[in-house]
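S.K.: Mind having a look at this structure? Questions to follow.
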Amino acid sequence: MTDPRNIVILTGAGISAESGIATFRGPGGLWEGHRVEDVCTPQALRADPDLVHRFYDLRRAALTRVEPNAAHHALVRLDRDWAGDLLLVTQNVDDLHDRAGSRRLLHMHGELKSRLCAACGDRAPHDGDLPPGSACPACHAPALRPDIVFFGEMPYAMERIEDAILSCDLFVSIGTSGAVYPAAGFVELARHAGAATLELNLERSAGSARFDDSRLGAAGTLVPAWVDAVLTGAA
Ligand code: APR
């Protein structure tokens, strides 16, 4: 990698796996035994609000039992010491990047520790359970929902993400299967922008062939080594 200046990093569930949070499409995948359609679509929320709210209440509560791992901490070092532009885009809704201390971070699929008003769009930090029909403090409608981007809904900050990718020199994908768009299409956008592309993943993903360099291994091992190399100019 010749002297990247602006870096965009995309993370997926694989970066949280070594912290003990199950991935979505791995063996015994997440979703607490529910089919995805049961808990992560607007239709599911309308059909069974108790099930959907309870599912996310369980995942929010589980955050207290996990800690950031070496990969999260390495990305914080990069965030702190990297003089160029850096944007960490995570698909994850857990708070491990936040708790590790990443600053130049955005959650494109929402966050467990946030709630959204379906009536007025107000978003605010939230901890603890979120019963269906909770009243929005901003507009008072009984319309608070988990602040999770469901399948079929538009992810957050897409314009900001696309601008960052179009002006980056290096795009790095960590711990994602490349199964879900629009995130799975970011590598093509980066290639179109002339950026170098690197994948760090436990196994080959749906997108591996589209990366200039695809390194297989656990994020807890690969990410700290890669960050050390980038910060010493040896990447
Ligand atoms: N280190 C690195 N990669 C890992 C590790 C690990 N320790 N463990 C698993 N992986 C890899 C898997 O090989 C897989 O390619 O992480 C990837 C996880 O893929 P998914 O379970 O599909 O998760 P993700 O890619 O984040 O899913 C994307 O799909 O369900 C939706 O909204 C949800 O954000 C999620 C999106």
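Naming scheme: A, B, ... for chains in displayed order of the structure tokens; residues 1 onward per chain; ligands 1 onward as shown.
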What are the closest atom pairs, with distances in Å to one decimal, for all residues of region 85-139 of chain A lying within 8 Å of region 152-156 of chain A? Consider only C-alpha atoms, order rows by chain and residue number, and present the result as JSON lines.
M.R.:
{"residue": "A:His107", "atom": "CA", "partner": "A:Tyr156", "partner_atom": "CA", "distance": 7.3}
{"residue": "A:Met108", "atom": "CA", "partner": "A:Tyr156", "partner_atom": "CA", "distance": 4.7}
{"residue": "A:His109", "atom": "CA", "partner": "A:Pro155", "partner_atom": "CA", "distance": 5.5}
{"residue": "A:Gly110", "atom": "CA", "partner": "A:Tyr156", "partner_atom": "CA", "distance": 7.1}
S.K.: Identify all residues of region 22-177 of chain A in helix (DSSP H, G or I) (DSSP on the backbone) and supply them as a PyMOL selection string.
M.R.: chain A and resi 31-33+36-39+42-47+49-65+70-81+96-100+158-166
S.K.: Have a look at A:Leu75, A:Leu58, A:Ala219, A:Ala135 and name the one nearest to ligand 1; count only C-alpha atoms and all ligand atoms.
M.R.: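 Among the listed residues, A:Ala219 lies closest to ligand 1.
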S.K.: Tell me which of A:Asn6, A:Gln43, A:Thr11, A:Thr64 sits closest to Asn201 (chain A), counting only C-alpha atoms.
M.R.: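 Closest candidate: A:Thr11.
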S.K.: For Pro68 (chain A), work out the shell of residues within 12 Å, counting only C-alpha atoms and skipping chain neighbours fewer than 6 positions away, then give it as a list in words.
M.R.: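 In the requested format, the answer is Ile15, Ser16, Ala17, Glu18, Ser19, Gly20, Ile21, Ala74, Leu75, Val76, Asp94, Asp95, Leu96, His97, Asp98, Arg99, Ala100, Gly101, Ser102, Ala219 and Gly220 of chain A.
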S.K.: What is the distance, in Å and to one decimal place, between atom 28 (C, counted along the ligand's line) of ligand 1 and CA of Thr90 (chain A)?
M.R.: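 It comes out at 9.5 Å.
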S.K.: Can I get the residues of chain A within 9 Å of ligand 1, each with the closest pair of atoms and their distance in Å to one decimal, using only C-alpha atoms and all ligand atoms, sorted chain first then ascending number, as JSON lines?
M.R.:
{"residue": "A:Thr11", "atom": "CA", "partner": "ligand 1", "partner_atom_place_in_ligand_line": "26 (O)", "distance": 7.0}
{"residue": "A:Gly12", "atom": "CA", "partner": "ligand 1", "partner_atom_place_in_ligand_line": "26 (O)", "distance": 3.3}
{"residue": "A:Ala13", "atom": "CA", "partner": "ligand 1", "partner_atom_place_in_ligand_line": "26 (O)", "distance": 3.8}
{"residue": "A:Gly14", "atom": "CA", "partner": "ligand 1", "partner_atom_place_in_ligand_line": "16 (O)", "distance": 3.2}
{"residue": "A:Ile15", "atom": "CA", "partner": "ligand 1", "partner_atom_place_in_ligand_line": "1 (N)", "distance": 5.4}
{"residue": "A:Ser16", "atom": "CA", "partner": "ligand 1", "partner_atom_place_in_ligand_line": "7 (N)", "distance": 7.2}
{"residue": "A:Ala17", "atom": "CA", "partner": "ligand 1", "partner_atom_place_in_ligand_line": "7 (N)", "distance": 5.0}
{"residue": "A:Glu18", "atom": "CA", "partner": "ligand 1", "partner_atom_place_in_ligand_line": "7 (N)", "distance": 5.2}
{"residue": "A:Ser19", "atom": "CA", "partner": "ligand 1", "partner_atom_place_in_ligand_line": "7 (N)", "distance": 8.7}
{"residue": "A:Ala22", "atom": "CA", "partner": "ligand 1", "partner_atom_place_in_ligand_line": "21 (O)", "distance": 7.7}
{"residue": "A:Thr23", "atom": "CA", "partner": "ligand 1", "partner_atom_place_in_ligand_line": "21 (O)", "distance": 4.0}
{"residue": "A:Phe24", "atom": "CA", "partner": "ligand 1", "partner_atom_place_in_ligand_line": "21 (O)", "distance": 3.4}
{"residue": "A:Arg25", "atom": "CA", "partner": "ligand 1", "partner_atom_place_in_ligand_line": "21 (O)", "distance": 3.9}
{"residue": "A:Gly26", "atom": "CA", "partner": "ligand 1", "partner_atom_place_in_ligand_line": "21 (O)", "distance": 5.4}
{"residue": "A:Gly29", "atom": "CA", "partner": "ligand 1", "partner_atom_place_in_ligand_line": "21 (O)", "distance": 7.0}
{"residue": "A:Leu30", "atom": "CA", "partner": "ligand 1", "partner_atom_place_in_ligand_line": "21 (O)", "distance": 8.0}
{"residue": "A:Trp31", "atom": "CA", "partner": "ligand 1", "partner_atom_place_in_ligand_line": "30 (O)", "distance": 8.8}
{"residue": "A:Val36", "atom": "CA", "partner": "ligand 1", "partner_atom_place_in_ligand_line": "30 (O)", "distance": 7.4}
{"residue": "A:Cys40", "atom": "CA", "partner": "ligand 1", "partner_atom_place_in_ligand_line": "32 (O)", "distance": 8.2}
{"residue": "A:Ala71", "atom": "CA", "partner": "ligand 1", "partner_atom_place_in_ligand_line": "1 (N)", "distance": 8.8}
{"residue": "A:Thr90", "atom": "CA", "partner": "ligand 1", "partner_atom_place_in_ligand_line": "34 (O)", "distance": 8.0}
{"residue": "A:Gln91", "atom": "CA", "partner": "ligand 1", "partner_atom_place_in_ligand_line": "34 (O)", "distance": 4.3}
{"residue": "A:Asn92", "atom": "CA", "partner": "ligand 1", "partner_atom_place_in_ligand_line": "34 (O)", "distance": 5.2}
{"residue": "A:Val93", "atom": "CA", "partner": "ligand 1", "partner_atom_place_in_ligand_line": "34 (O)", "distance": 7.3}
{"residue": "A:Met108", "atom": "CA", "partner": "ligand 1", "partner_atom_place_in_ligand_line": "34 (O)", "distance": 8.5}
{"residue": "A:His109", "atom": "CA", "partner": "ligand 1", "partner_atom_place_in_ligand_line": "32 (O)", "distance": 6.2}
{"residue": "A:Ile148", "atom": "CA", "partner": "ligand 1", "partner_atom_place_in_ligand_line": "32 (O)", "distance": 8.4}
{"residue": "A:Val149", "atom": "CA", "partner": "ligand 1", "partner_atom_place_in_ligand_line": "32 (O)", "distance": 7.4}
{"residue": "A:Phe150", "atom": "CA", "partner": "ligand 1", "partner_atom_place_in_ligand_line": "32 (O)", "distance": 7.3}
{"residue": "A:Phe151", "atom": "CA", "partner": "ligand 1", "partner_atom_place_in_ligand_line": "32 (O)", "distance": 7.4}
{"residue": "A:Ile174", "atom": "CA", "partner": "ligand 1", "partner_atom_place_in_ligand_line": "2 (C)", "distance": 6.5}
{"residue": "A:Gly175", "atom": "CA", "partner": "ligand 1", "partner_atom_place_in_ligand_line": "3 (N)", "distance": 3.7}
{"residue": "A:Thr176", "atom": "CA", "partner": "ligand 1", "partner_atom_place_in_ligand_line": "25 (O)", "distance": 3.3}
{"residue": "A:Ser177", "atom": "CA", "partner": "ligand 1", "partner_atom_place_in_ligand_line": "15 (O)", "distance": 3.4}
{"residue": "A:Gly178", "atom": "CA", "partner": "ligand 1", "partner_atom_place_in_ligand_line": "25 (O)", "distance": 5.5}
{"residue": "A:Ala179", "atom": "CA", "partner": "ligand 1", "partner_atom_place_in_ligand_line": "22 (O)", "distance": 5.9}
{"residue": "A:Val180", "atom": "CA", "partner": "ligand 1", "partner_atom_place_in_ligand_line": "29 (O)", "distance": 5.3}
{"residue": "A:Tyr181", "atom": "CA", "partner": "ligand 1", "partner_atom_place_in_ligand_line": "36 (C)", "distance": 8.2}
{"residue": "A:Ala183", "atom": "CA", "partner": "ligand 1", "partner_atom_place_in_ligand_line": "28 (C)", "distance": 7.8}
{"residue": "A:Ala184", "atom": "CA", "partner": "ligand 1", "partner_atom_place_in_ligand_line": "28 (C)", "distance": 8.3}
{"residue": "A:Leu200", "atom": "CA", "partner": "ligand 1", "partner_atom_place_in_ligand_line": "2 (C)", "distance": 6.6}
{"residue": "A:Asn201", "atom": "CA", "partner": "ligand 1", "partner_atom_place_in_ligand_line": "3 (N)", "distance": 4.0}
{"residue": "A:Leu202", "atom": "CA", "partner": "ligand 1", "partner_atom_place_in_ligand_line": "3 (N)", "distance": 3.9}
{"residue": "A:Glu203", "atom": "CA", "partner": "ligand 1", "partner_atom_place_in_ligand_line": "13 (O)", "distance": 4.6}
{"residue": "A:Arg204", "atom": "CA", "partner": "ligand 1", "partner_atom_place_in_ligand_line": "15 (O)", "distance": 6.8}
{"residue": "A:Ser205", "atom": "CA", "partner": "ligand 1", "partner_atom_place_in_ligand_line": "15 (O)", "distance": 5.2}
{"residue": "A:Ala206", "atom": "CA", "partner": "ligand 1", "partner_atom_place_in_ligand_line": "15 (O)", "distance": 8.0}
{"residue": "A:Leu216", "atom": "CA", "partner": "ligand 1", "partner_atom_place_in_ligand_line": "2 (C)", "distance": 7.8}
{"residue": "A:Gly217", "atom": "CA", "partner": "ligand 1", "partner_atom_place_in_ligand_line": "2 (C)", "distance": 6.1}
{"residue": "A:Ala218", "atom": "CA", "partner": "ligand 1", "partner_atom_place_in_ligand_line": "1 (N)", "distance": 3.6}
{"residue": "A:Ala219", "atom": "CA", "partner": "ligand 1", "partner_atom_place_in_ligand_line": "1 (N)", "distance": 3.8}
{"residue": "A:Gly220", "atom": "CA", "partner": "ligand 1", "partner_atom_place_in_ligand_line": "1 (N)", "distance": 6.5}
{"residue": "A:Thr221", "atom": "CA", "partner": "ligand 1", "partner_atom_place_in_ligand_line": "1 (N)", "distance": 8.2}
{"residue": "A:Leu222", "atom": "CA", "partner": "ligand 1", "partner_atom_place_in_ligand_line": "1 (N)", "distance": 8.1}
{"residue": "A:Val223", "atom": "CA", "partner": "ligand 1", "partner_atom_place_in_ligand_line": "2 (C)", "distance": 8.9}
S.K.: Can those selected residues be exported to a file as a short mmCIF file (atom, residue, chain, number, x, y, z; two decimals), in the first residue's frame so that it contains C-alpha atoms?
M.R.:
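Result file selection_13.cif:
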data_model
loop_
_atom_site.label_atom_id
_atom_site.label_comp_id
_atom_site.auth_asym_id
_atom_site.auth_seq_id
_atom_site.Cartn_x
_atom_site.Cartn_y
_atom_site.Cartn_z
CA THR A 11 -16.85 -3.56 9.88
CA GLY A 12 -19.40 -6.33 10.29
CA ALA A 13 -20.42 -8.86 12.91
CA GLY A 14 -17.11 -10.72 12.55
CA ILE A 15 -15.22 -7.99 14.43
CA SER A 16 -17.47 -8.57 17.45
CA ALA A 17 -17.33 -12.38 17.30
CA GLU A 18 -14.28 -12.67 19.58
CA SER A 19 -16.12 -10.52 22.12
CA ALA A 22 -22.71 -14.28 17.58
CA THR A 23 -22.57 -13.37 13.91
CA PHE A 24 -25.67 -13.50 11.75
CA ARG A 25 -24.84 -16.14 9.18
CA GLY A 26 -22.39 -18.26 11.11
CA GLY A 29 -26.32 -17.58 13.89
CA LEU A 30 -27.86 -14.79 15.88
CA TRP A 31 -31.50 -13.83 15.80
CA VAL A 36 -34.64 -12.87 10.07
CA CYS A 40 -35.85 -7.38 11.34
CA ALA A 71 -9.53 -5.53 17.02
CA THR A 90 -19.94 -0.21 11.09
CA GLN A 91 -22.88 -2.42 10.16
CA ASN A 92 -22.95 -3.54 13.77
CA VAL A 93 -25.57 -2.26 16.17
CA MET A 108 -25.12 2.67 9.23
CA HIS A 109 -27.63 0.07 10.53
CA ILE A 148 -32.37 -0.44 14.02
CA VAL A 149 -32.41 -0.14 10.23
CA PHE A 150 -34.64 -3.02 9.13
CA PHE A 151 -34.38 -4.83 5.82
CA ILE A 174 -13.30 -6.33 8.34
CA GLY A 175 -15.51 -9.23 9.48
CA THR A 176 -18.38 -9.04 7.05
CA SER A 177 -19.81 -11.67 4.71
CA GLY A 178 -20.56 -9.19 1.92
CA ALA A 179 -24.07 -10.62 1.85
CA VAL A 180 -26.13 -7.47 2.47
CA TYR A 181 -26.35 -4.33 0.32
CA ALA A 183 -22.59 -2.24 2.39
CA ALA A 184 -21.63 -5.16 0.15
CA LEU A 200 -9.60 -8.94 6.67
CA ASN A 201 -11.98 -11.84 7.34
CA LEU A 202 -12.07 -15.26 8.99
CA GLU A 203 -13.03 -16.97 5.75
CA ARG A 204 -13.58 -16.06 2.11
CA SER A 205 -16.63 -13.86 1.77
CA ALA A 206 -19.06 -13.21 -1.07
CA LEU A 216 -7.90 -14.70 6.13
CA GLY A 217 -7.77 -14.90 9.90
CA ALA A 218 -9.39 -13.74 13.12
CA ALA A 219 -9.92 -9.99 13.45
CA GLY A 220 -8.36 -10.03 16.93
CA THR A 221 -5.10 -11.11 15.30
CA LEU A 222 -5.19 -9.52 11.83
CA VAL A 223 -6.45 -6.05 12.77
#
S.K.: Would you mind reading off the distance between CA of Pro182 (chain A) and CA of Met158 (chain A), one decimal, in Å?
M.R.: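 So the two atoms, CA of Pro182 (chain A) and CA of Met158 (chain A), lie 8.8 Å apart.
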S.K.: Rank nothing, just name the residue among A:Leu116, A:Leu105, A:Val187, A:Ala157 nearest to Gly207 (chain A), using only C-alpha atoms.
M.R.: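 Counting only C-alpha atoms, the residue closest to Gly207 (chain A) is A:Val187.
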S.K.: Using only C-alpha atoms, which residues sit within 12 Å of Asp163 (chain A) once same-chain residues fewer than 5 positions away are excluded, as a list in words?
M.R.: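 Residues near the query, excluding close chain neighbours: Asn6, Val8, Leu87, Ala157, Met158, Cys168, Phe186, Leu189, Ala190 and Ala193 of chain A.
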S.K.: Mind dumping the selected residues with all heavy atoms as an mmCIF file, in the first residue's frame?
M.R.:
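Just written: out19.cif:
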data_model
loop_
_atom_site.group_PDB
_atom_site.id
_atom_site.type_symbol
_atom_site.label_atom_id
_atom_site.label_comp_id
_atom_site.auth_asym_id
_atom_site.auth_seq_id
_atom_site.Cartn_x
_atom_site.Cartn_y
_atom_site.Cartn_z
ATOM 1 N N ASN A 6 -6.247 8.791 2.992
ATOM 2 C CA ASN A 6 -7.631 8.772 3.492
ATOM 3 C C ASN A 6 -8.133 7.333 3.496
ATOM 4 O O ASN A 6 -8.106 6.682 2.446
ATOM 5 C CB ASN A 6 -8.524 9.629 2.597
ATOM 6 C CG ASN A 6 -8.006 11.069 2.508
ATOM 7 O OD1 ASN A 6 -7.325 11.528 3.430
ATOM 8 N ND2 ASN A 6 -8.269 11.731 1.416
ATOM 9 N N VAL A 8 -11.149 4.473 4.591
ATOM 10 C CA VAL A 8 -12.510 4.119 5.041
ATOM 11 C C VAL A 8 -12.481 2.648 5.444
ATOM 12 O O VAL A 8 -11.948 1.808 4.703
ATOM 13 C CB VAL A 8 -13.569 4.337 3.937
ATOM 14 C CG1 VAL A 8 -14.942 3.807 4.383
ATOM 15 C CG2 VAL A 8 -13.684 5.823 3.603
ATOM 16 N N LEU A 87 -12.656 7.175 8.337
ATOM 17 C CA LEU A 87 -14.064 6.988 8.703
ATOM 18 C C LEU A 87 -14.279 5.496 8.932
ATOM 19 O O LEU A 87 -13.979 4.688 8.047
ATOM 20 C CB LEU A 87 -15.010 7.486 7.605
ATOM 21 C CG LEU A 87 -16.515 7.352 7.941
ATOM 22 C CD1 LEU A 87 -16.889 8.167 9.182
ATOM 23 C CD2 LEU A 87 -17.373 7.761 6.743
ATOM 24 N N ALA A 157 -26.818 7.757 6.873
ATOM 25 C CA ALA A 157 -25.603 8.475 6.450
ATOM 26 C C ALA A 157 -25.022 7.973 5.132
ATOM 27 O O ALA A 157 -23.812 8.024 4.921
ATOM 28 C CB ALA A 157 -24.540 8.375 7.554
ATOM 29 N N MET A 158 -25.862 7.486 4.239
ATOM 30 C CA MET A 158 -25.347 6.926 2.982
ATOM 31 C C MET A 158 -24.583 7.964 2.169
ATOM 32 O O MET A 158 -23.551 7.659 1.574
ATOM 33 C CB MET A 158 -26.494 6.340 2.154
ATOM 34 C CG MET A 158 -26.970 4.981 2.673
ATOM 35 S SD MET A 158 -25.641 3.752 2.722
ATOM 36 C CE MET A 158 -25.323 3.586 0.974
ATOM 37 N N CYS A 168 -11.433 8.284 -0.793
ATOM 38 C CA CYS A 168 -10.438 7.548 0.013
ATOM 39 C C CYS A 168 -9.367 6.934 -0.879
ATOM 40 O O CYS A 168 -9.569 6.744 -2.078
ATOM 41 C CB CYS A 168 -11.114 6.465 0.869
ATOM 42 S SG CYS A 168 -11.501 4.930 0.023
ATOM 43 N N PHE A 186 -19.860 -1.420 -1.308
ATOM 44 C CA PHE A 186 -18.893 -0.345 -1.057
ATOM 45 C C PHE A 186 -17.548 -0.622 -1.723
ATOM 46 O O PHE A 186 -16.858 0.294 -2.179
ATOM 47 C CB PHE A 186 -18.705 -0.150 0.449
ATOM 48 C CG PHE A 186 -19.890 0.451 1.165
ATOM 49 C CD1 PHE A 186 -19.949 0.450 2.550
ATOM 50 C CD2 PHE A 186 -20.950 1.028 0.460
ATOM 51 C CE1 PHE A 186 -21.050 0.999 3.233
ATOM 52 C CE2 PHE A 186 -22.044 1.585 1.115
ATOM 53 C CZ PHE A 186 -22.085 1.570 2.500
ATOM 54 N N LEU A 189 -17.479 0.631 -5.224
ATOM 55 C CA LEU A 189 -17.406 2.096 -5.248
ATOM 56 C C LEU A 189 -15.964 2.541 -4.994
ATOM 57 O O LEU A 189 -15.428 3.419 -5.665
ATOM 58 C CB LEU A 189 -18.341 2.651 -4.170
ATOM 59 C CG LEU A 189 -18.642 4.146 -4.199
ATOM 60 C CD1 LEU A 189 -19.332 4.540 -5.501
ATOM 61 C CD2 LEU A 189 -19.508 4.551 -3.002
ATOM 62 N N ALA A 190 -15.311 1.858 -4.061
ATOM 63 C CA ALA A 190 -13.911 2.205 -3.739
ATOM 64 C C ALA A 190 -13.008 1.926 -4.939
ATOM 65 O O ALA A 190 -12.149 2.746 -5.300
ATOM 66 C CB ALA A 190 -13.448 1.399 -2.535
ATOM 67 N N ALA A 193 -13.347 4.486 -7.422
ATOM 68 C CA ALA A 193 -12.669 5.739 -7.023
ATOM 69 C C ALA A 193 -11.154 5.602 -7.093
ATOM 70 O O ALA A 193 -10.416 6.540 -6.771
ATOM 71 C CB ALA A 193 -13.091 6.098 -5.596
#
S.K.: With only C-alpha atoms as the basis for distance, which of A:Val39, A:Cys139, A:Ala44, A:Ala83 is at the shortest distance from Asp57 (chain A)?
M.R.: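 Looking at the shortest contact to Asp57 (chain A), the residue is A:Val39.
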S.K.: So the first atom is CA of Arg65 (chain A) and the second is CA of Leu86 (chain A); what is the distance between them in Å, to one decimal place?
M.R.: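 If I compute the distance from CA of Arg65 (chain A) to CA of Leu86 (chain A), I get 29.3 Å.
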S.K.: With only C-alpha atoms as the basis for distance, which of A:His72, A:Arg60, A:His53, A:Arg5 is at the shortest distance from Leu144 (chain A)?
M.R.: A:His53
